[in-house]
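Chemist: Below is model.pdb; it holds PDB, C-alpha atoms.
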```pdb
ATOM      1  CA  MET A 153       0.000   0.000   0.000
ATOM      2  CA  LYS A 154       1.467   3.243  -1.137
ATOM      3  CA  LYS A 155       1.652   6.038   1.326
ATOM      4  CA  LYS A 156      -0.827   8.716   0.481
ATOM      5  CA  LEU A 157       1.382  11.715   0.759
ATOM      6  CA  LEU A 158      -0.007  13.435  -2.270
ATOM      7  CA  SER A 159       0.469  17.077  -2.835
ATOM      8  CA  ASN A 160      -2.600  19.131  -3.609
ATOM      9  CA  ALA A 161      -0.738  20.813  -6.430
ATOM     10  CA  ILE A 162      -1.889  19.622  -9.830
ATOM     11  CA  THR A 163       1.711  19.283 -10.882
ATOM     12  CA  THR A 164       5.153  19.192  -9.319
ATOM     13  CA  ALA A 165       8.693  19.394 -10.715
ATOM     14  CA  ASP A 166       8.913  15.614 -11.130
ATOM     15  CA  MET A 167       5.932  15.736 -13.501
ATOM     16  CA  VAL A 168       7.647  18.212 -15.826
ATOM     17  CA  ILE A 169       9.915  17.216 -18.708
ATOM     18  CA  VAL A 170      12.003  19.996 -20.221
ATOM     19  CA  GLY A 171      13.349  19.192 -23.691
ATOM     20  CA  LEU A 172      11.267  16.104 -24.359
ATOM     21  CA  GLU A 173      12.455  13.882 -27.182
ATOM     22  CA  ALA A 174       9.742  11.566 -28.457
ATOM     23  CA  ASN A 175       9.180   9.527 -31.627
ATOM     24  CA  ASP A 176       5.462  10.182 -31.784
ATOM     25  CA  LYS A 177       2.520  11.171 -29.656
ATOM     26  CA  ALA A 178       2.150   7.706 -28.123
ATOM     27  CA  ASP A 179       5.780   7.840 -27.019
ATOM     28  CA  ALA A 180       5.391  11.384 -25.682
ATOM     29  CA  THR A 181       2.214  10.470 -23.831
ATOM     30  CA  ARG A 182       3.857   7.409 -22.305
ATOM     31  CA  GLN A 183       6.884   9.354 -21.112
ATOM     32  CA  LEU A 184       4.611  11.871 -19.446
ATOM     33  CA  ALA A 185       2.351   9.170 -17.992
ATOM     34  CA  GLU A 186       5.429   7.543 -16.441
ATOM     35  CA  ARG A 187       5.962  10.766 -14.542
ATOM     36  CA  LEU A 188       2.365  10.637 -13.320
ATOM     37  CA  LEU A 189       2.913   7.054 -12.216
ATOM     38  CA  GLY A 190       6.178   7.923 -10.495
ATOM     39  CA  ALA A 191       4.463  10.717  -8.611
ATOM     40  CA  GLY A 192       1.682   8.396  -7.462
ATOM     41  CA  ARG A 193      -0.943  10.279  -9.453
ATOM     42  CA  ILE A 194      -2.055   7.227 -11.427
ATOM     43  CA  THR A 195      -2.138   3.609 -10.302
ATOM     44  CA  ASP A 196      -2.063   1.814 -13.649
ATOM     45  CA  ILE A 197      -0.285   3.331 -16.621
ATOM     46  CA  GLU A 198      -1.762   0.986 -19.256
ATOM     47  CA  THR A 199      -5.370   1.618 -18.246
ATOM     48  CA  TYR A 200      -4.754   5.325 -18.248
ATOM     49  CA  LEU A 201      -2.937   5.324 -21.610
ATOM     50  CA  VAL A 202      -5.748   3.347 -23.237
ATOM     51  CA  ALA A 203      -8.198   6.010 -22.054
ATOM     52  CA  VAL A 204      -5.992   8.790 -23.418
ATOM     53  CA  ALA A 205      -5.542   7.026 -26.774
ATOM     54  CA  LYS A 206      -9.269   6.424 -27.041
ATOM     55  CA  ARG A 207     -10.042  10.083 -26.476
ATOM     56  CA  GLU A 208      -7.286  11.026 -28.889
ATOM     57  CA  GLU A 209      -8.987   8.907 -31.573
ATOM     58  CA  HIS A 210     -12.151  10.985 -31.240
ATOM     59  CA  PHE A 211     -10.154  13.924 -32.465
ATOM     60  CA  PRO A 212      -6.499  14.696 -31.890
ATOM     61  CA  THR A 213      -5.583  17.201 -29.201
ATOM     62  CA  GLY A 214      -2.898  19.084 -31.087
ATOM     63  CA  ILE A 215      -3.942  22.705 -31.450
ATOM     64  CA  GLU A 216      -2.654  25.515 -33.627
ATOM     65  CA  GLY A 217      -0.001  27.444 -31.785
ATOM     66  CA  GLY A 218       2.233  24.512 -30.836
ATOM     67  CA  ILE A 219       0.077  23.080 -28.063
ATOM     68  CA  ALA A 220      -1.212  19.610 -27.327
ATOM     69  CA  ILE A 221      -3.502  18.728 -24.474
ATOM     70  CA  PRO A 222      -4.035  14.964 -24.389
ATOM     71  CA  HIS A 223      -6.334  13.991 -21.530
ATOM     72  CA  ALA A 224      -8.551  11.346 -20.048
ATOM     73  CA  GLN A 225     -10.817  10.659 -17.148
ATOM     74  CA  SER A 226      -9.976   7.231 -15.750
ATOM     75  CA  GLU A 227     -10.354   5.006 -12.727
ATOM     76  CA  ALA A 228      -6.572   4.682 -12.785
ATOM     77  CA  VAL A 229      -6.236   8.327 -11.786
ATOM     78  CA  VAL A 230      -5.753   8.985  -8.078
ATOM     79  CA  THR A 231      -5.824  12.750  -8.038
ATOM     80  CA  PRO A 232      -6.329  15.473 -10.682
ATOM     81  CA  SER A 233      -2.946  16.063 -12.220
ATOM     82  CA  VAL A 234      -1.119  17.357 -15.222
ATOM     83  CA  ALA A 235       2.269  16.319 -16.550
ATOM     84  CA  VAL A 236       3.955  18.927 -18.724
ATOM     85  CA  ALA A 237       6.584  18.694 -21.437
ATOM     86  CA  THR A 238       8.394  21.283 -23.465
ATOM     87  CA  SER A 239       9.932  19.993 -26.662
ATOM     88  CA  THR A 240      12.175  21.935 -29.015
ATOM     89  CA  SER A 241      11.873  19.360 -31.791
ATOM     90  CA  GLY A 242       8.135  19.036 -31.192
ATOM     91  CA  VAL A 243       5.751  16.098 -31.348
ATOM     92  CA  ASP A 244       3.001  15.570 -33.914
ATOM     93  CA  PHE A 245      -0.329  15.628 -32.096
ATOM     94  CA  GLY A 246      -2.345  16.280 -35.224
ATOM     95  CA  ALA A 247      -2.406  20.074 -35.079
ATOM     96  CA  GLU A 248      -3.092  21.751 -38.403
ATOM     97  CA  ASP A 249       0.013  23.909 -38.255
ATOM     98  CA  GLY A 250       2.538  21.213 -37.342
ATOM     99  CA  LYS A 251       4.179  19.837 -34.260
ATOM    100  CA  SER A 252       3.410  20.683 -30.659
ATOM    101  CA  ASN A 253       6.159  22.110 -28.483
ATOM    102  CA  LEU A 254       4.170  22.381 -25.291
ATOM    103  CA  ILE A 255       2.319  19.292 -24.145
ATOM    104  CA  PHE A 256      -0.028  18.972 -21.189
ATOM    105  CA  LEU A 257      -1.109  15.478 -20.249
ATOM    106  CA  ILE A 258      -4.185  15.799 -18.065
ATOM    107  CA  ALA A 259      -5.350  13.084 -15.711
ATOM    108  CA  ALA A 260      -8.809  13.328 -14.177
ATOM    109  CA  PRO A 261     -10.190  10.815 -11.682
ATOM    110  CA  ALA A 262     -13.270   8.887 -12.821
ATOM    111  CA  ASN A 263     -15.311  10.238  -9.952
ATOM    112  CA  GLY A 264     -13.561  13.507  -9.254
ATOM    113  CA  GLY A 265     -15.357  16.223  -7.369
ATOM    114  CA  SER A 266     -16.384  19.199  -9.449
ATOM    115  CA  GLU A 267     -13.893  21.485  -7.735
ATOM    116  CA  HIS A 268     -11.072  19.211  -8.854
ATOM    117  CA  LEU A 269     -12.342  19.061 -12.389
ATOM    118  CA  GLU A 270     -12.702  22.805 -12.338
ATOM    119  CA  ILE A 271      -8.978  23.123 -11.702
ATOM    120  CA  LEU A 272      -8.290  21.088 -14.814
ATOM    121  CA  GLY A 273     -10.781  23.224 -16.707
ATOM    122  CA  THR A 274      -8.976  26.336 -15.553
ATOM    123  CA  LEU A 275      -5.742  24.857 -16.825
ATOM    124  CA  ALA A 276      -7.276  24.204 -20.256
ATOM    125  CA  TYR A 277      -8.560  27.771 -20.229
ATOM    126  CA  LYS A 278      -5.151  29.207 -19.353
ATOM    127  CA  VAL A 279      -3.434  27.182 -22.047
ATOM    128  CA  MET A 280      -5.201  29.378 -24.594
ATOM    129  CA  ASP A 281      -3.306  32.386 -23.241
ATOM    130  CA  GLU A 282      -0.294  32.912 -25.492
ATOM    131  CA  ASP A 283       1.703  34.860 -22.923
ATOM    132  CA  PHE A 284       1.197  32.081 -20.397
ATOM    133  CA  ARG A 285       2.340  29.502 -22.946
ATOM    134  CA  ASN A 286       5.440  31.496 -23.811
ATOM    135  CA  GLU A 287       6.292  31.862 -20.157
ATOM    136  CA  LEU A 288       6.251  28.064 -19.818
ATOM    137  CA  LEU A 289       8.041  27.417 -23.111
ATOM    138  CA  ASN A 290      10.923  29.733 -22.285
ATOM    139  CA  GLU A 291      11.490  28.282 -18.832
ATOM    140  CA  LYS A 292      14.148  25.609 -18.391
ATOM    141  CA  ASP A 293      13.633  24.794 -14.722
ATOM    142  CA  PRO A 294      10.965  22.112 -14.119
ATOM    143  CA  ALA A 295      10.325  23.447 -10.616
ATOM    144  CA  VAL A 296       9.553  26.910 -11.969
ATOM    145  CA  ILE A 297       7.261  25.488 -14.656
ATOM    146  CA  ALA A 298       5.387  23.455 -12.042
ATOM    147  CA  ALA A 299       5.125  26.455  -9.722
ATOM    148  CA  THR A 300       3.946  28.773 -12.513
ATOM    149  CA  LEU A 301       1.279  26.363 -13.621
ATOM    150  CA  THR A 302       0.044  25.632 -10.141
ATOM    151  CA  ARG A 303      -0.015  29.303  -9.251
ATOM    152  CA  GLU A 304      -2.069  30.248 -12.290
ATOM    153  CA  VAL A 305      -4.704  27.557 -12.040
ATOM    154  CA  GLN A 306      -5.068  27.098  -8.310
ATOM    155  CA  LYS A 307      -5.123  30.634  -7.019
TER     156      LYS A 307
ATOM    157  CA  MET B  86     -22.435  43.446 -30.132
ATOM    158  CA  LYS B  87     -23.243  41.220 -27.207
ATOM    159  CA  PHE B  88     -22.831  37.481 -27.569
ATOM    160  CA  VAL B  89     -23.558  34.552 -25.353
ATOM    161  CA  GLY B  90     -22.540  30.992 -25.967
ATOM    162  CA  VAL B  91     -22.278  27.458 -24.700
ATOM    163  CA  THR B  92     -19.245  25.205 -24.935
ATOM    164  CA  ALA B  93     -19.282  21.460 -24.317
ATOM    165  CA  CYS B  94     -17.028  18.581 -25.332
ATOM    166  CA  ILE B  95     -17.274  14.832 -24.913
ATOM    167  CA  THR B  96     -15.069  14.410 -21.854
ATOM    168  CA  GLY B  97     -15.879  17.867 -20.537
ATOM    169  CA  ILE B  98     -12.368  18.312 -19.239
ATOM    170  CA  ALA B  99     -10.351  20.383 -21.664
ATOM    171  CA  HIS B 100     -11.922  21.499 -24.933
ATOM    172  CA  THR B 101     -14.973  22.954 -23.196
ATOM    173  CA  TYR B 102     -12.741  25.448 -21.430
ATOM    174  CA  MET B 103     -10.365  26.021 -24.326
ATOM    175  CA  ALA B 104     -13.334  26.945 -26.490
ATOM    176  CA  GLN B 105     -14.542  29.301 -23.775
ATOM    177  CA  ALA B 106     -11.172  31.051 -23.818
ATOM    178  CA  ALA B 107     -11.087  31.105 -27.619
ATOM    179  CA  LEU B 108     -14.528  32.728 -27.876
ATOM    180  CA  GLU B 109     -13.747  35.296 -25.201
ATOM    181  CA  GLN B 110     -10.484  36.148 -26.937
ATOM    182  CA  ALA B 111     -12.234  36.448 -30.296
ATOM    183  CA  ALA B 112     -14.812  38.829 -28.862
ATOM    184  CA  LYS B 113     -12.142  40.919 -27.216
ATOM    185  CA  LYS B 114     -10.132  41.104 -30.406
ATOM    186  CA  LEU B 115     -13.174  42.168 -32.424
ATOM    187  CA  GLY B 116     -14.391  44.622 -29.788
ATOM    188  CA  HIS B 117     -17.505  42.754 -28.732
ATOM    189  CA  GLU B 118     -18.806  41.205 -25.536
ATOM    190  CA  MET B 119     -19.001  37.470 -24.991
ATOM    191  CA  VAL B 120     -20.234  35.453 -22.034
ATOM    192  CA  VAL B 121     -19.769  31.699 -22.182
ATOM    193  CA  GLU B 122     -21.576  29.018 -20.244
ATOM    194  CA  THR B 123     -19.339  25.961 -19.918
ATOM    195  CA  GLN B 124     -21.245  22.692 -19.806
ATOM    196  CA  GLY B 125     -18.340  20.515 -18.709
ATOM    197  CA  SER B 126     -17.659  17.676 -16.319
ATOM    198  CA  ALA B 127     -17.113  20.197 -13.526
ATOM    199  CA  GLY B 128     -20.774  21.077 -13.872
ATOM    200  CA  THR B 129     -22.725  23.777 -15.594
ATOM    201  CA  ASN B 130     -22.966  27.341 -14.453
ATOM    202  CA  PRO B 131     -26.098  28.610 -16.145
ATOM    203  CA  MET B 132     -25.867  32.206 -17.194
ATOM    204  CA  LYS B 133     -28.518  34.691 -16.204
ATOM    205  CA  GLN B 134     -31.485  34.818 -18.530
ATOM    206  CA  GLU B 135     -31.031  38.606 -18.777
ATOM    207  CA  LEU B 136     -27.691  38.041 -20.469
ATOM    208  CA  ILE B 137     -29.323  35.788 -23.026
ATOM    209  CA  ASP B 138     -32.188  38.204 -23.544
ATOM    210  CA  ALA B 139     -29.781  41.081 -24.161
ATOM    211  CA  ALA B 140     -27.591  39.126 -26.595
ATOM    212  CA  ASP B 141     -27.413  39.909 -30.296
ATOM    213  CA  GLY B 142     -26.326  36.388 -31.100
ATOM    214  CA  VAL B 143     -25.623  32.948 -29.681
ATOM    215  CA  ILE B 144     -22.631  30.734 -30.393
ATOM    216  CA  PHE B 145     -22.856  27.039 -29.549
ATOM    217  CA  ALA B 146     -19.434  25.368 -29.773
ATOM    218  CA  VAL B 147     -20.513  21.906 -28.740
ATOM    219  CA  ASP B 148     -20.021  18.210 -29.375
ATOM    220  CA  LEU B 149     -23.044  17.421 -27.202
ATOM    221  CA  PRO B 150     -26.623  18.684 -27.140
ATOM    222  CA  VAL B 151     -26.915  22.061 -25.410
ATOM    223  CA  LYS B 152     -28.541  21.814 -21.994
ATOM    224  CA  GLY B 153     -31.404  24.243 -21.634
ATOM    225  CA  ARG B 154     -31.418  25.091 -25.331
ATOM    226  CA  GLU B 155     -34.931  26.561 -25.024
ATOM    227  CA  ARG B 156     -33.486  29.427 -22.993
ATOM    228  CA  PHE B 157     -32.000  30.746 -26.231
ATOM    229  CA  ALA B 158     -35.110  30.362 -28.403
ATOM    230  CA  GLY B 159     -35.594  32.986 -31.093
ATOM    231  CA  LYS B 160     -31.996  34.258 -31.023
ATOM    232  CA  PRO B 161     -29.775  34.316 -34.105
ATOM    233  CA  TYR B 162     -27.249  31.560 -33.657
ATOM    234  CA  ILE B 163     -24.454  29.493 -35.034
ATOM    235  CA  GLU B 164     -23.709  25.950 -33.936
ATOM    236  CA  LEU B 165     -20.487  24.091 -34.610
ATOM    237  CA  GLY B 166     -18.128  21.506 -33.144
ATOM    238  CA  VAL B 167     -16.064  22.602 -30.185
ATOM    239  CA  ALA B 168     -12.767  22.199 -32.076
ATOM    240  CA  LYS B 169     -13.918  24.611 -34.774
ATOM    241  CA  VAL B 170     -13.276  27.627 -32.577
ATOM    242  CA  ILE B 171     -10.022  26.529 -30.910
ATOM    243  CA  GLY B 172      -6.620  27.475 -32.267
ATOM    244  CA  GLY B 173      -5.170  30.165 -34.469
ATOM    245  CA  ASP B 174      -7.748  32.628 -35.743
ATOM    246  CA  LYS B 175     -10.582  30.121 -35.816
ATOM    247  CA  GLY B 176     -12.618  31.776 -33.103
ATOM    248  CA  VAL B 177     -12.174  35.204 -34.694
ATOM    249  CA  ASN B 178     -13.164  33.897 -38.115
ATOM    250  CA  VAL B 179     -16.238  32.119 -36.788
ATOM    251  CA  MET B 180     -17.353  35.244 -34.958
ATOM    252  CA  SER B 181     -16.669  37.541 -37.941
ATOM    253  CA  ASP B 182     -18.699  35.326 -40.265
ATOM    254  CA  PHE B 183     -21.500  35.129 -37.732
ATOM    255  CA  ILE B 184     -21.581  38.903 -37.323
ATOM    256  CA  ALA B 185     -21.786  39.303 -41.089
ATOM    257  CA  ALA B 186     -24.715  36.869 -41.177
ATOM    258  CA  ILE B 187     -26.507  38.691 -38.351
ATOM    259  CA  GLU B 188     -26.007  42.039 -40.092
ATOM    260  CA  ALA B 189     -27.235  40.610 -43.373
ATOM    261  CA  GLY B 190     -30.245  39.121 -41.615
ATOM    262  CA  THR B 191     -29.338  35.654 -42.847
ATOM    263  CA  ALA B 192     -28.380  34.079 -39.508
ATOM    264  CA  ALA B 193     -30.499  31.112 -38.460
ATOM    265  CA  LYS B 194     -32.655  31.534 -35.372
ATOM    266  CA  ILE B 195     -32.931  29.071 -32.551
ATOM    267  CA  GLU B 196     -36.107  27.067 -32.861
ATOM    268  CA  GLY B 197     -38.992  27.368 -30.424
ATOM    269  CA  ASP B 198     -40.445  30.105 -28.323
ATOM    270  CA  LYS B 199     -38.720  31.491 -25.311
ATOM    271  CA  PRO B 200     -40.368  29.988 -22.234
ATOM    272  CA  ALA B 201     -42.010  32.162 -19.630
ATOM    273  CA  PRO B 202     -39.416  33.168 -17.028
ATOM    274  CA  ALA B 203     -40.859  30.866 -14.382
ATOM    275  CA  ALA B 204     -40.691  27.924 -16.740
ATOM    276  CA  ALA B 205     -37.104  28.481 -17.774
ATOM    277  CA  PRO B 206     -35.417  25.278 -16.656
ATOM    278  CA  GLU B 207     -32.093  26.449 -15.420
ATOM    279  CA  PRO B 208     -29.876  23.710 -14.039
ATOM    280  CA  LYS B 209     -28.782  24.310 -10.487
ATOM    281  CA  ALA B 210     -26.461  27.270 -10.400
ATOM    282  CA  GLU B 211     -23.109  27.136  -8.712
ATOM    283  CA  LYS B 212     -21.891  30.548  -9.759
ATOM    284  CA  PRO B 213     -22.922  32.886 -12.534
ATOM    285  CA  ALA B 214     -21.116  31.933 -15.725
ATOM    286  CA  GLY B 215     -19.649  35.373 -16.179
ATOM    287  CA  GLU B 216     -17.836  35.130 -12.892
ATOM    288  CA  LYS B 217     -16.697  31.568 -13.110
ATOM    289  CA  LYS B 218     -13.393  32.115 -14.812
ATOM    290  CA  LYS B 219     -11.631  35.345 -14.452
ATOM    291  CA  GLY B 220      -9.387  35.862 -17.363
ATOM    292  CA  PHE B 221      -9.141  38.035 -20.352
ATOM    293  CA  PHE B 222     -11.590  40.564 -19.082
ATOM    294  CA  GLY B 223     -10.005  40.694 -15.680
ATOM    295  CA  GLY B 224      -6.473  41.367 -16.798
ATOM    296  CA  LEU B 225      -3.920  39.151 -18.401
ATOM    297  CA  PHE B 226      -3.616  36.778 -15.500
ATOM    298  CA  GLY B 227      -6.991  37.760 -14.052
TER     299      GLY B 227
END
```
For the structure just supplied, provide its representation as structure tokens.
Modeler:
Amino acid sequence: MKKKLLSNAITTADMVIVGLEANDKADATRQLAERLLGAGRITDIETYLVAVAKREEHFPTGIEGGIAIPHAQSEAVVTPSVAVATSTSGVDFGAEDGKSNLIFLIAAPANGGSEHLEILGTLAYKVMDEDFRNELLNEKDPAVIAATLTREVQK
Amino acid sequence: MKFVGVTACITGIAHTYMAQAALEQAAKKLGHEMVVETQGSAGTNPMKQELIDAADGVIFAVDLPVKGRERFAGKPYIELGVAKVIGGDKGVNVMSDFIAAIEAGTAAKIEGDKPAPAAAPEPKAEKPAGEKKKGFFGGLFG
């Protein structure tokens, strides 16, 4: 039984990958999901990844402006979380204008309370803010990225 | 012009809120007002009927049926998939085209008659939609 010493923050430095190198979106998603697993945010990586892939099939989450926001609600998710990657080379998430350089992998519990889901909604909302995105993209320190994100969506 | 809208996506986690941001940004860029009701997994925050009544047009960016659609009856509207307003200039283009249609009198109107105020079935309110997310109206990092 894992100790439940989970932070309330939706992300922490160990869930941030600066300079991600990935072959494709499945690889990128897996690398990020491993961070969620390592941080105790998900219990079963395969179950979670299947849910993400299934949602991704509905329509891809790459968005014009170099963003991707793969996400899923799953029983494998312990607490609402987001793993973040910046990638100079970029990963193809199906955006119309090319690869995504800023990737947010969102994990929502299957039966999350609305206040938790609202935090994730706020994150999705903030991602549309270009200045916010640039602030994250230009930052090299995972701890600062995690702190910036948490500050903006949980205040 | 004053616009109101509803956003909703299948999982109700991300695109609902991205579309909200995109529509608000589009309105700001074009010098109009936009209030969005997000019908997501975090719940729905029904907007005040007065806002709907005062609106010049309604934008539904949804992958699901709009809850309480009858509240918008009689208003000029446009309805499209949630992804159609997210990214690049999509939101701005959608709004510009819609404005042109409203001005030309060619915009479709939402079917039905507006219910009497007492009959308006508003889902249980948590907070007014306009106050739910501070953001582009409340300063850059509102």
Chemist: Excluding Tyr162 in chain B and residues on its chain fewer than 4 positions from it, collect all residues at most 10 Å away from it, counting only C-alpha atoms, and give them as a PyMOL selection string.
Modeler: chain B and resi 88-90+141-145+157-158+183-184+186-187+192-196
Chemist: Taking C-alpha atoms for each residue, export the selection above as a short mmCIF file (atom, residue, chain, number, x, y, z; two decimals), in the frame of the given file.
Modeler:
```cif
data_model
loop_
_atom_site.label_atom_id
_atom_site.label_comp_id
_atom_site.auth_asym_id
_atom_site.auth_seq_id
_atom_site.Cartn_x
_atom_site.Cartn_y
_atom_site.Cartn_z
CA PHE B 88 -22.83 37.48 -27.57
CA VAL B 89 -23.56 34.55 -25.35
CA GLY B 90 -22.54 30.99 -25.97
CA ASP B 141 -27.41 39.91 -30.30
CA GLY B 142 -26.33 36.39 -31.10
CA VAL B 143 -25.62 32.95 -29.68
CA ILE B 144 -22.63 30.73 -30.39
CA PHE B 145 -22.86 27.04 -29.55
CA PHE B 157 -32.00 30.75 -26.23
CA ALA B 158 -35.11 30.36 -28.40
CA PHE B 183 -21.50 35.13 -37.73
CA ILE B 184 -21.58 38.90 -37.32
CA ALA B 186 -24.72 36.87 -41.18
CA ILE B 187 -26.51 38.69 -38.35
CA ALA B 192 -28.38 34.08 -39.51
CA ALA B 193 -30.50 31.11 -38.46
CA LYS B 194 -32.66 31.53 -35.37
CA ILE B 195 -32.93 29.07 -32.55
CA GLU B 196 -36.11 27.07 -32.86
#
```
Chemist: Could you build a table of the residues in chain A lying no more than 10 Å from chain B, giving for each the nearest pair of atoms and their separation in Å rounded to one decimal place, using only C-alpha atoms, ordered by chain and ascending residue number, as CSV?
Modeler:
```
residue,atom,partner,partner_atom,distance
A:Arg207,CA,B:Thr96,CA,8.1
A:His210,CA,B:Ile95,CA,9.0
A:Phe211,CA,B:Ala168,CA,8.7
A:Pro212,CA,B:Ala168,CA,9.8
A:Thr213,CA,B:His100,CA,8.8
A:Gly214,CA,B:Gly172,CA,9.3
A:Ile215,CA,B:Gly172,CA,5.5
A:Glu216,CA,B:Gly172,CA,4.6
A:Gly217,CA,B:Gly173,CA,6.4
A:Gly218,CA,B:Gly172,CA,9.4
A:Ile219,CA,B:Gly172,CA,9.0
A:Ile221,CA,B:Ala99,CA,7.6
A:Pro222,CA,B:Ala99,CA,8.8
A:His223,CA,B:Ala99,CA,7.6
A:Ala224,CA,B:Thr96,CA,7.4
A:Gln225,CA,B:Thr96,CA,7.4
A:Ala247,CA,B:Gly172,CA,9.0
A:Glu248,CA,B:Gly172,CA,9.1
A:Asp249,CA,B:Gly173,CA,9.0
A:Ile258,CA,B:Ala99,CA,8.5
A:Ala259,CA,B:Ile98,CA,9.4
A:Ala260,CA,B:Ile98,CA,7.9
A:Gly264,CA,B:Ala127,CA,8.7
A:Gly265,CA,B:Ala127,CA,7.5
A:Ser266,CA,B:Ala127,CA,4.3
A:Glu267,CA,B:Ala127,CA,6.8
A:His268,CA,B:Ala127,CA,7.7
A:Leu269,CA,B:Ala127,CA,5.0
A:Glu270,CA,B:Ala127,CA,5.3
A:Ile271,CA,B:Ala127,CA,8.8
A:Leu272,CA,B:Ile98,CA,6.6
A:Gly273,CA,B:Tyr102,CA,5.6
A:Thr274,CA,B:Tyr102,CA,7.0
A:Leu275,CA,B:Ala99,CA,8.0
A:Ala276,CA,B:Ala99,CA,5.1
A:Tyr277,CA,B:Met103,CA,4.8
A:Lys278,CA,B:Ala106,CA,7.7
A:Val279,CA,B:Met103,CA,7.4
A:Met280,CA,B:Met103,CA,6.2
A:Asp281,CA,B:Ala106,CA,8.0
A:Asp283,CA,B:Leu225,CA,8.4
A:Phe284,CA,B:Phe226,CA,8.3
A:Glu304,CA,B:Phe226,CA,7.4
A:Val305,CA,B:Phe226,CA,9.9
```
Chemist: Around all of range 287-293 of chain A's listed atoms, make the axis-aligned box with 8 Å on each side and tell me centre and edge lengths in Å to one decimal, as AutoDock Vina command-line options.
Modeler:
```
--center_x 10.2 --center_y 28.3 --center_z -18.9 --size_x 23.9 --size_y 23.1 --size_z 24.4
```
Chemist: Can you measure CA of Pro232 in chain A to CA of Val121 in chain B for me? One decimal in Å is fine.
Modeler: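 Between CA of Pro232 in chain A and CA of Val121 in chain B the gap works out to 24.0 Å.
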Chemist: Mind checking which residues fall within 10 Å of Ala178 in chain A, counting all atoms listed in the file, ignoring those fewer than 6 positions away in the same chain, and posting them as a ChimeraX atom specification?
Modeler: /A:184,201,204-205,243-245
Chemist: Might you pull out every residue within 8 Å of Leu108 in chain B, with all atoms listed in the file counted and same-chain residues fewer than 5 positions away left off, and present them as an NGL selection string?
Modeler: :B and (119 or 121 or 170 or 176-177)
Chemist: What does the distance from CA of Asp138 in chain B to CA of Arg156 in chain B come to in Å, to one decimal?
Modeler: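 Between CA of Asp138 in chain B and CA of Arg156 in chain B the gap is 8.9 Å.
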Chemist: Would you mind telling me which residue in B:Thr191, B:Ala111, B:Val91, B:Pro131 lies nearest to Asn178 in chain B when using all atoms listed in the file?
Modeler: B:Ala111
Chemist: Expressed in Å to a single decimal, how great is the separation between CA of Thr231 in chain A and CA of Ala298 in chain A?
Modeler: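 Between CA of Thr231 in chain A and CA of Ala298 in chain A the gap is 16.0 Å.
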Chemist: Would you mind listing what lies within 10 Å of Val296 in chain A as a list in words, with all atoms listed in the file counted and same-chain residues fewer than 6 positions away left out?
Modeler: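 That gives Thr164, Ala165, Val168, Leu288 and Thr302 of chain A.
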Chemist: Go ahead and write the residues just picked, C-alpha atoms, as a short mmCIF file (atom, residue, chain, number, x, y, z; two decimals), in the frame of the given file.
Modeler:
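Ended up saving to selection10.cif:
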```cif
data_model
loop_
_atom_site.label_atom_id
_atom_site.label_comp_id
_atom_site.auth_asym_id
_atom_site.auth_seq_id
_atom_site.Cartn_x
_atom_site.Cartn_y
_atom_site.Cartn_z
CA THR A 164 5.15 19.19 -9.32
CA ALA A 165 8.69 19.39 -10.72
CA VAL A 168 7.65 18.21 -15.83
CA LEU A 288 6.25 28.06 -19.82
CA THR A 302 0.04 25.63 -10.14
#
```
Chemist: Please determine, counting all atoms listed in the file, which residue among B:Gln124, B:Ala185, B:Arg154, B:His117 has the shortest atom-to-atom distance to Gly197 in chain B.
Modeler: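 Closest to Gly197 in chain B, using all atoms listed in the file: B:Arg154.
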Chemist: Residues within 12 Å of Asp196 in chain A, please, as a ChimeraX atom specification. Count all atoms listed in the file; anything in the same chain fewer than 2 positions from it doesn't count.
Modeler: /A:182,185-186,188-190,192-194,198-203,226-230,259
Chemist: Measuring between only C-alpha atoms, which one of A:Gly242, A:Gly250, A:Pro261, A:Pro294 shows the shortest distance to Thr163 in chain A?
Modeler: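 Closest to Thr163 in chain A, using only C-alpha atoms: A:Pro294.
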Chemist: Of the residues A:Ser252, A:Lys206, A:Ile197, A:Asn263, which is the one nearest to Asp176 in chain A, using all atoms listed in the file?
Modeler: A:Ser252
Chemist: Ranking B:Val167, B:Val120, B:Asp182, B:Leu149 by minimum distance to Glu135 in chain B and counting only C-alpha atoms, which one comes first?
Modeler: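 Closest candidate: B:Val120.
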